[in-house]
file structure_38.txt (compact mmCIF, C-alpha atoms and all ligand atoms)
# COMPACT_ATOMS: atom_id res chain seq x y z
CA MET A 1 88.60 96.01 108.81
CA SER A 2 90.18 94.99 112.08
CA PRO A 3 90.53 97.89 114.54
CA GLU A 4 94.14 96.77 115.02
CA ILE A 5 95.05 97.98 111.52
CA ALA A 6 96.81 101.37 111.54
CA PHE A 7 97.88 103.40 108.53
CA ASP A 8 101.20 105.23 108.56
CA LEU A 9 101.40 108.11 106.08
CA ASP A 10 104.63 109.35 104.50
CA ALA A 11 106.10 106.14 105.83
CA ARG A 12 109.46 104.51 105.32
CA ILE A 13 109.37 101.05 103.75
CA GLU A 14 112.30 98.81 104.62
CA PRO A 15 113.77 96.76 101.76
CA GLY A 16 113.25 93.52 103.70
CA ALA A 17 109.58 94.24 104.31
CA TYR A 18 109.15 95.24 100.67
CA ARG A 19 110.77 92.06 99.38
CA GLY A 20 108.63 90.01 101.76
CA LEU A 21 105.39 91.60 100.60
CA ARG A 22 106.29 91.07 96.94
CA ALA A 23 107.15 87.44 97.56
CA ALA A 24 103.91 86.92 99.49
CA VAL A 25 101.82 87.87 96.45
CA GLY A 26 104.03 86.02 93.95
CA TRP A 27 105.77 89.04 92.44
CA SER A 28 109.36 88.83 91.18
CA GLU A 29 112.32 89.66 93.39
CA PRO A 30 113.68 93.15 92.53
CA VAL A 31 117.12 92.76 90.91
CA VAL A 32 118.71 95.61 92.86
CA GLY A 33 120.62 95.63 96.13
CA ASP A 34 119.19 96.82 99.42
CA ALA A 35 120.87 100.25 99.28
CA GLU A 36 119.50 101.00 95.83
CA LEU A 37 116.11 99.61 96.79
CA ALA A 38 115.97 101.68 100.00
CA ALA A 39 116.76 104.82 97.98
CA ALA A 40 114.01 104.02 95.48
CA LEU A 41 111.47 103.36 98.24
CA ALA A 42 112.40 106.68 99.86
CA ARG A 43 111.63 108.64 96.67
CA THR A 44 107.91 107.89 96.85
CA TRP A 45 105.23 109.00 99.30
CA ASN A 46 104.28 105.76 101.00
CA VAL A 47 101.33 104.47 102.96
CA VAL A 48 102.00 101.47 105.21
CA ALA A 49 99.26 99.42 106.88
CA ARG A 50 100.40 97.78 110.10
CA GLU A 51 98.95 95.25 112.45
CA GLY A 52 100.96 95.97 115.55
CA ARG A 53 104.53 96.20 114.29
CA ARG A 54 103.91 93.92 111.35
CA VAL A 55 103.59 95.45 107.88
CA VAL A 56 100.51 93.94 106.23
CA GLY A 57 100.07 96.29 103.29
CA ILE A 58 101.71 99.10 101.35
CA GLY A 59 101.04 101.57 98.57
CA ARG A 60 103.39 104.08 96.96
CA LEU A 61 102.86 107.38 95.13
CA LEU A 62 105.39 108.68 92.63
CA ASP A 63 104.46 112.36 92.58
CA ASP A 64 105.94 115.45 90.93
CA GLY A 65 104.11 117.60 93.46
CA ALA A 66 102.12 119.62 90.94
CA LEU A 67 100.95 117.88 87.77
CA TYR A 68 101.32 114.12 87.65
CA ALA A 69 101.26 111.25 90.08
CA THR A 70 101.50 107.49 89.64
CA ILE A 71 100.35 104.86 92.09
CA CYS A 72 102.46 101.72 92.36
CA ASP A 73 103.17 98.71 94.57
CA MET A 74 99.72 98.33 96.09
CA ILE A 75 100.23 95.10 98.04
CA VAL A 76 98.25 93.53 100.87
CA LEU A 77 99.32 90.21 102.41
CA PRO A 78 97.05 87.38 101.20
CA SER A 79 96.07 86.64 104.81
CA HIS A 80 94.78 90.21 105.14
CA GLN A 81 93.09 90.72 101.77
CA ARG A 82 89.38 91.50 101.32
CA GLN A 83 89.24 93.33 104.63
CA GLY A 84 89.29 96.87 103.27
CA ILE A 85 93.02 97.49 103.76
CA GLY A 86 93.76 98.04 100.06
CA ARG A 87 90.86 100.45 99.81
CA GLY A 88 92.13 102.32 102.85
CA ILE A 89 95.64 102.65 101.40
CA LEU A 90 94.28 103.74 98.02
CA GLU A 91 92.09 106.42 99.60
CA TYR A 92 95.14 108.04 101.20
CA LEU A 93 97.10 107.94 97.92
CA VAL A 94 94.20 109.43 95.95
CA GLU A 95 93.64 112.10 98.59
CA ARG A 96 97.33 113.00 98.48
CA SER A 97 97.17 113.45 94.68
CA ALA A 98 93.76 115.17 94.55
CA THR A 99 95.00 118.32 92.79
CA ARG A 100 97.17 116.58 90.14
CA THR A 101 96.13 116.73 86.46
CA ILE A 102 96.49 112.98 85.94
CA VAL A 103 96.80 110.16 88.46
CA SER A 104 97.79 106.94 86.70
CA LEU A 105 98.53 103.34 87.53
CA VAL A 106 99.08 99.94 85.95
CA ALA A 107 96.51 97.52 87.32
CA THR A 108 96.92 93.79 87.82
CA ALA A 109 93.83 91.63 87.44
CA ALA A 110 93.66 91.51 91.25
CA GLY A 111 93.83 95.27 91.57
CA ARG A 112 91.44 96.24 88.82
CA PRO A 113 88.15 95.93 90.74
CA LEU A 114 89.55 98.04 93.55
CA TYR A 115 90.72 100.77 91.17
CA GLU A 116 87.51 100.75 89.16
CA ALA A 117 85.55 101.16 92.37
CA ALA A 118 87.70 104.23 93.10
CA GLY A 119 86.93 105.76 89.69
CA PHE A 120 89.94 104.71 87.60
CA ARG A 121 89.14 103.97 83.95
CA LEU A 122 90.96 102.46 80.94
CA GLU A 123 90.26 105.59 78.93
CA SER A 124 89.75 109.24 79.73
CA ARG A 125 88.70 111.93 77.27
CA GLY A 126 89.95 109.83 74.37
CA SER A 127 93.33 109.06 75.95
CA VAL A 128 94.30 105.53 76.94
CA GLY A 129 96.98 104.17 79.28
CA MET A 130 100.02 102.57 77.59
CA LEU A 131 103.15 100.95 78.97
CA ILE A 132 106.34 99.09 78.12
CA ARG A 133 108.54 96.95 80.38
CA PRO A 134 112.16 97.80 79.49
CA ALA A 135 113.61 95.72 82.35
C1 LIG B 201 94.83 94.38 95.00
C2 LIG B 201 94.98 94.32 96.50
C3 LIG B 201 96.03 95.35 96.94
C4 LIG B 201 93.61 94.67 97.12
O1 LIG B 201 93.80 94.75 98.52
P1 LIG B 201 92.63 94.32 99.52
O2 LIG B 201 93.02 94.79 100.86
O3 LIG B 201 92.33 92.87 99.38
O4 LIG B 201 91.40 95.15 98.95
P2 LIG B 201 90.09 95.57 99.77
O5 LIG B 201 89.75 94.51 100.75
O6 LIG B 201 90.29 96.94 100.30
O7 LIG B 201 89.01 95.56 98.61
C5 LIG B 201 88.30 96.71 98.31
C6 LIG B 201 87.35 96.38 97.18
O8 LIG B 201 88.06 96.10 95.98
C7 LIG B 201 87.39 95.03 95.29
N1 LIG B 201 88.25 93.85 95.30
C8 LIG B 201 89.42 93.71 95.94
N2 LIG B 201 89.96 92.49 95.67
C9 LIG B 201 89.09 91.88 94.84
C10 LIG B 201 89.07 90.60 94.20
N3 LIG B 201 90.07 89.72 94.35
N4 LIG B 201 88.02 90.31 93.39
C11 LIG B 201 87.01 91.17 93.24
N5 LIG B 201 86.99 92.41 93.82
C12 LIG B 201 88.00 92.74 94.60
C13 LIG B 201 86.12 94.78 96.02
O9 LIG B 201 85.15 95.68 95.51
C14 LIG B 201 86.50 95.15 97.42
O10 LIG B 201 85.44 95.50 98.23
P3 LIG B 201 84.60 94.34 98.99
O11 LIG B 201 85.57 93.41 99.65
O12 LIG B 201 83.78 95.13 99.98
O13 LIG B 201 83.78 93.66 97.94
C15 LIG B 201 95.36 92.90 96.97
O14 LIG B 201 94.43 91.99 96.42
C16 LIG B 201 96.75 92.47 96.57
O15 LIG B 201 97.73 92.78 97.23
N6 LIG B 201 96.84 91.72 95.45
C17 LIG B 201 98.13 91.19 95.01
C18 LIG B 201 99.04 92.30 94.52
C19 LIG B 201 98.39 93.10 93.42
O16 LIG B 201 98.02 92.56 92.38
N7 LIG B 201 98.27 94.43 93.67
C20 LIG B 201 97.69 95.36 92.74
C21 LIG B 201 98.77 96.00 91.95
S1 LIG B 201 98.12 97.01 90.65
call {"tool": "encode", "arguments": {"input": "structure_38.txt", "output": "structure tokens"}}
result
Amino acid sequence: MSPEIAFDLDARIEPGAYRGLRAAVGWSEPVVGDAELAAALARTWNVVAREGRRVVGIGRLLDDGALYATICDMIVLPSHQRQGIGRGILEYLVERSATRTIVSLVATAAGRPLYEAAGFRLESRGSVGMLIRPA
């Protein structure tokens, strides 16, 4: 990884930067306004990877502080992928949730190898991950 990459912990993610990262990896535009989006982004514990002032990657942790935590929005700009930035972000999120009973996530095909390398599995002690997409 380039020595110019810095990781900000417990970081604020601006709605504009968030929308830009999503668009860069082909994800849908969130159908909420900036105020609502900023509030949502402020409810998670965020890791932001920066190159100078530019945001090049993010990861978010939805955490109840005691039992359960969920990792979401792991995104690294295509121009900066396969340089260890995603792994770096994930390590901070996993470290932050080290004492939780369950740490869960929904993996894209792109994310799966990274998560498997970090120990995430489709099944654990007979339980499997399930999800629906109401909106
Ligand atoms: C998933 C994502 C965040 C990974 O970020 P990244 O910075 O490229 O990941 P890293 O460079 O830290 O990769 C760490 C390891 O994960 C694995 N990995 C990552 N991307 C991979 C790919 N496309 N194919 C195979 N293995 C991959 C490799 O083992 C890699 O280590 P290596 O490069 O030494 O072989 C990034 O590809 C991305 O933003 N994808 C689009 C959005 C997305 O789908 N996010 C996941 C949401 S669940």
call {"tool": "residues_around", "arguments": {"input": "structure_38.txt", "residues": "A:Gly57", "least_positions_apart": "6", "cutoff": "6 Å", "atoms": "all atoms listed in the file", "output": "ChimeraX atom specification"}}
result
/A:48-49,75-76
call {"tool": "axis_aligned_box", "arguments": {"input": "structure_38.txt", "around": "stretch 63-82 of chain A", "padding_each_side": "5 Å", "output": "JSON"}}
result
{"center_x": 97.7, "center_y": 103.1, "center_z": 96.4, "size_x": 26.6, "size_y": 43.0, "size_z": 27.5}
call {"tool": "closest_residue", "arguments": {"input": "structure_38.txt", "among": "A:Ala118, A:Val31, A:Leu61, A:Thr101", "to": "A:Arg87", "atoms": "only C-alpha atoms"}}
result
A:Ala118
call {"tool": "closest_atom_pairs", "arguments": {"input": "structure_38.txt", "of": "chain A", "to": "ligand LIG 201 (chain B)", "cutoff": "10 Å", "atoms": "all atoms listed in the file", "output": "tab-separated table"}}
result
residue	atom	partner	partner_atom	distance
A:Met1	CA	B:LIG201	O5	8.3
A:Leu21	CA	B:LIG201	O15	8.5
A:Arg22	CA	B:LIG201	C18	7.7
A:Ala23	CA	B:LIG201	C18	9.9
A:Ala24	CA	B:LIG201	C17	8.5
A:Val25	CA	B:LIG201	C17	5.2
A:Gly26	CA	B:LIG201	C17	7.9
A:Trp27	CA	B:LIG201	C18	7.8
A:Ala49	CA	B:LIG201	O2	9.8
A:Val56	CA	B:LIG201	O2	9.3
A:Gly57	CA	B:LIG201	O15	7.4
A:Ile58	CA	B:LIG201	C3	8.1
A:Gly59	CA	B:LIG201	C3	8.2
A:Ile71	CA	B:LIG201	S1	8.3
A:Cys72	CA	B:LIG201	S1	6.6
A:Asp73	CA	B:LIG201	C21	5.8
A:Met74	CA	B:LIG201	N7	4.8
A:Ile75	CA	B:LIG201	O15	3.5
A:Val76	CA	B:LIG201	O15	3.8
A:Leu77	CA	B:LIG201	O15	6.0
A:Pro78	CA	B:LIG201	O15	6.7
A:Ser79	CA	B:LIG201	O3	9.1
A:His80	CA	B:LIG201	O2	6.5
A:Gln81	CA	B:LIG201	O3	3.3
A:Arg82	CA	B:LIG201	O5	3.1
A:Gln83	CA	B:LIG201	O5	4.1
A:Gly84	CA	B:LIG201	O6	3.1
A:Ile85	CA	B:LIG201	O2	4.0
A:Gly86	CA	B:LIG201	O2	3.4
A:Arg87	CA	B:LIG201	O6	3.6
A:Gly88	CA	B:LIG201	O6	6.2
A:Ile89	CA	B:LIG201	O6	7.9
A:Leu90	CA	B:LIG201	O6	8.2
A:Glu91	CA	B:LIG201	O6	9.7
A:Leu105	CA	B:LIG201	S1	7.1
A:Val106	CA	B:LIG201	S1	5.6
A:Ala107	CA	B:LIG201	S1	3.7
A:Thr108	CA	B:LIG201	S1	4.5
A:Ala109	CA	B:LIG201	O16	6.5
A:Ala110	CA	B:LIG201	O16	4.6
A:Gly111	CA	B:LIG201	C1	3.7
A:Arg112	CA	B:LIG201	S1	7.0
A:Pro113	CA	B:LIG201	C7	4.7
A:Leu114	CA	B:LIG201	O8	3.4
A:Tyr115	CA	B:LIG201	O8	7.2
A:Glu116	CA	B:LIG201	O8	8.3
A:Ala117	CA	B:LIG201	O9	6.3
A:Ala118	CA	B:LIG201	O8	8.6
call {"tool": "closest_residue", "arguments": {"input": "structure_38.txt", "among": "A:Ser104, A:Ala98, A:Ser28, A:Tyr68", "to": "A:Leu122", "atoms": "only C-alpha atoms"}}
result
A:Ser104
call {"tool": "residues_around", "arguments": {"input": "structure_38.txt", "residues": "A:Asn46", "least_positions_apart": "3", "cutoff": "6 Å", "atoms": "all atoms listed in the file", "output": "PyMOL selection string"}}
result
chain A and resi 10-11+59-60
call {"tool": "decode", "arguments": {"input": "structure_38.txt", "residues": "chain A", "atoms": "C-alpha atoms", "output": "CSV table (one decimal), in the first residue's frame"}}
result
chain,number,residue,atom,x,y,z
A,1,MET,CA,0.0,0.0,0.0
A,2,SER,CA,1.2,3.5,-0.8
A,3,PRO,CA,2.7,5.3,2.2
A,4,GLU,CA,0.5,8.2,1.3
A,5,ILE,CA,-2.6,6.3,2.5
A,6,ALA,CA,-3.8,7.3,5.9
A,7,PHE,CA,-6.7,5.8,7.9
A,8,ASP,CA,-9.0,8.0,9.9
A,9,LEU,CA,-10.9,6.2,12.7
A,10,ASP,CA,-14.3,7.3,14.0
A,11,ALA,CA,-14.4,9.5,11.0
A,12,ARG,CA,-17.2,11.6,9.5
A,13,ILE,CA,-18.2,10.7,6.0
A,14,GLU,CA,-19.7,13.5,3.9
A,15,PRO,CA,-22.8,12.7,1.8
A,16,GLY,CA,-21.1,13.9,-1.3
A,17,ALA,CA,-18.0,11.7,-0.8
A,18,TYR,CA,-20.3,8.8,0.0
A,19,ARG,CA,-22.4,9.2,-3.1
A,20,GLY,CA,-19.2,9.6,-5.2
A,21,LEU,CA,-17.7,6.3,-3.8
A,22,ARG,CA,-20.9,4.4,-4.5
A,23,ALA,CA,-21.1,5.7,-8.0
A,24,ALA,CA,-17.5,4.9,-8.6
A,25,VAL,CA,-18.1,1.2,-7.9
A,26,GLY,CA,-21.5,1.1,-9.8
A,27,TRP,CA,-23.8,1.0,-6.7
A,28,SER,CA,-27.2,2.7,-6.8
A,29,GLU,CA,-27.7,6.3,-5.7
A,30,PRO,CA,-29.3,6.4,-2.2
A,31,VAL,CA,-32.9,7.7,-2.5
A,32,VAL,CA,-32.6,10.0,0.6
A,33,GLY,CA,-31.6,13.6,0.8
A,34,ASP,CA,-28.3,14.8,2.1
A,35,ALA,CA,-29.5,15.7,5.6
A,36,GLU,CA,-31.0,12.2,6.1
A,37,LEU,CA,-27.9,10.6,4.6
A,38,ALA,CA,-25.5,12.6,6.8
A,39,ALA,CA,-27.5,11.5,9.9
A,40,ALA,CA,-27.3,7.9,8.8
A,41,LEU,CA,-23.6,8.1,8.1
A,42,ALA,CA,-23.1,9.7,11.6
A,43,ARG,CA,-24.8,6.7,13.3
A,44,THR,CA,-22.0,4.3,12.4
A,45,TRP,CA,-18.4,4.0,13.4
A,46,ASN,CA,-16.5,4.8,10.2
A,47,VAL,CA,-13.1,4.2,8.9
A,48,VAL,CA,-12.0,6.5,6.0
A,49,ALA,CA,-8.9,5.9,3.9
A,50,ARG,CA,-7.4,9.1,2.5
A,51,GLU,CA,-4.8,9.9,0.0
A,52,GLY,CA,-4.0,13.5,1.0
A,53,ARG,CA,-7.4,15.1,1.3
A,54,ARG,CA,-9.1,12.7,-1.1
A,55,VAL,CA,-11.3,9.9,0.2
A,56,VAL,CA,-10.3,6.7,-1.5
A,57,GLY,CA,-12.0,4.2,0.7
A,58,ILE,CA,-14.5,3.7,3.5
A,59,GLY,CA,-16.0,1.1,5.8
A,60,ARG,CA,-18.8,1.5,8.3
A,61,LEU,CA,-19.7,-0.4,11.5
A,62,LEU,CA,-23.2,-0.5,12.8
A,63,ASP,CA,-22.6,-1.5,16.4
A,64,ASP,CA,-24.8,-1.8,19.5
A,65,GLY,CA,-21.7,-1.5,21.7
A,66,ALA,CA,-22.0,-4.8,23.5
A,67,LEU,CA,-23.4,-7.8,21.5
A,68,TYR,CA,-23.8,-7.3,17.8
A,69,ALA,CA,-22.1,-5.4,15.0
A,70,THR,CA,-22.6,-5.3,11.3
A,71,ILE,CA,-20.1,-4.2,8.7
A,72,CYS,CA,-21.4,-2.3,5.7
A,73,ASP,CA,-20.3,0.0,2.9
A,74,MET,CA,-16.8,-1.3,2.4
A,75,ILE,CA,-15.8,0.6,-0.8
A,76,VAL,CA,-12.5,1.4,-2.3
A,77,LEU,CA,-12.1,3.4,-5.5
A,78,PRO,CA,-11.4,1.2,-8.5
A,79,SER,CA,-8.2,3.1,-9.1
A,80,HIS,CA,-7.0,2.2,-5.6
A,81,GLN,CA,-8.2,-1.4,-5.3
A,82,ARG,CA,-5.9,-4.4,-4.8
A,83,GLN,CA,-3.4,-2.3,-2.8
A,84,GLY,CA,-4.4,-3.5,0.6
A,85,ILE,CA,-6.7,-0.6,1.5
A,86,GLY,CA,-9.8,-2.7,1.9
A,87,ARG,CA,-7.9,-5.1,4.1
A,88,GLY,CA,-6.7,-2.2,6.2
A,89,ILE,CA,-10.2,-0.8,6.7
A,90,LEU,CA,-11.6,-4.2,7.5
A,91,GLU,CA,-8.9,-4.8,10.1
A,92,TYR,CA,-9.9,-1.7,12.0
A,93,LEU,CA,-13.6,-2.6,11.9
A,94,VAL,CA,-12.9,-6.1,13.1
A,95,GLU,CA,-10.7,-4.8,15.9
A,96,ARG,CA,-13.3,-2.4,17.0
A,97,SER,CA,-15.9,-5.2,17.2
A,98,ALA,CA,-13.6,-7.8,18.7
A,99,THR,CA,-15.7,-8.4,21.9
A,100,ARG,CA,-19.1,-8.7,20.1
A,101,THR,CA,-21.0,-12.0,20.1
A,102,ILE,CA,-21.6,-11.8,16.3
A,103,VAL,CA,-20.1,-9.6,13.6
A,104,SER,CA,-22.0,-9.9,10.4
A,105,LEU,CA,-22.0,-8.6,6.9
A,106,VAL,CA,-23.5,-9.1,3.5
A,107,ALA,CA,-20.8,-9.7,1.0
A,108,THR,CA,-20.7,-8.8,-2.7
A,109,ALA,CA,-18.8,-11.1,-5.1
A,110,ALA,CA,-16.0,-8.5,-5.0
A,111,GLY,CA,-15.9,-8.4,-1.2
A,112,ARG,CA,-16.1,-12.1,-0.5
A,113,PRO,CA,-12.4,-13.1,-0.9
A,114,LEU,CA,-11.4,-10.3,1.4
A,115,TYR,CA,-13.9,-11.3,4.1
A,116,GLU,CA,-13.1,-15.0,3.8
A,117,ALA,CA,-9.4,-14.1,4.2
A,118,ALA,CA,-10.4,-12.3,7.4
A,119,GLY,CA,-12.2,-15.4,8.8
A,120,PHE,CA,-15.9,-14.7,7.8
A,121,ARG,CA,-17.9,-17.8,6.8
A,122,LEU,CA,-21.3,-18.5,5.3
A,123,GLU,CA,-22.2,-20.6,8.3
A,124,SER,CA,-21.3,-20.7,11.9
A,125,ARG,CA,-22.2,-23.4,14.4
A,126,GLY,CA,-25.2,-24.4,12.3
A,127,SER,CA,-26.5,-20.8,11.8
A,128,VAL,CA,-26.5,-19.2,8.3
A,129,GLY,CA,-26.7,-15.5,7.3
A,130,MET,CA,-30.1,-14.5,5.8
A,131,LEU,CA,-31.3,-11.2,4.4
A,132,ILE,CA,-34.2,-9.4,2.7
A,133,ARG,CA,-34.2,-6.1,0.8
A,134,PRO,CA,-37.4,-4.2,1.8
A,135,ALA,CA,-36.4,-1.1,-0.1
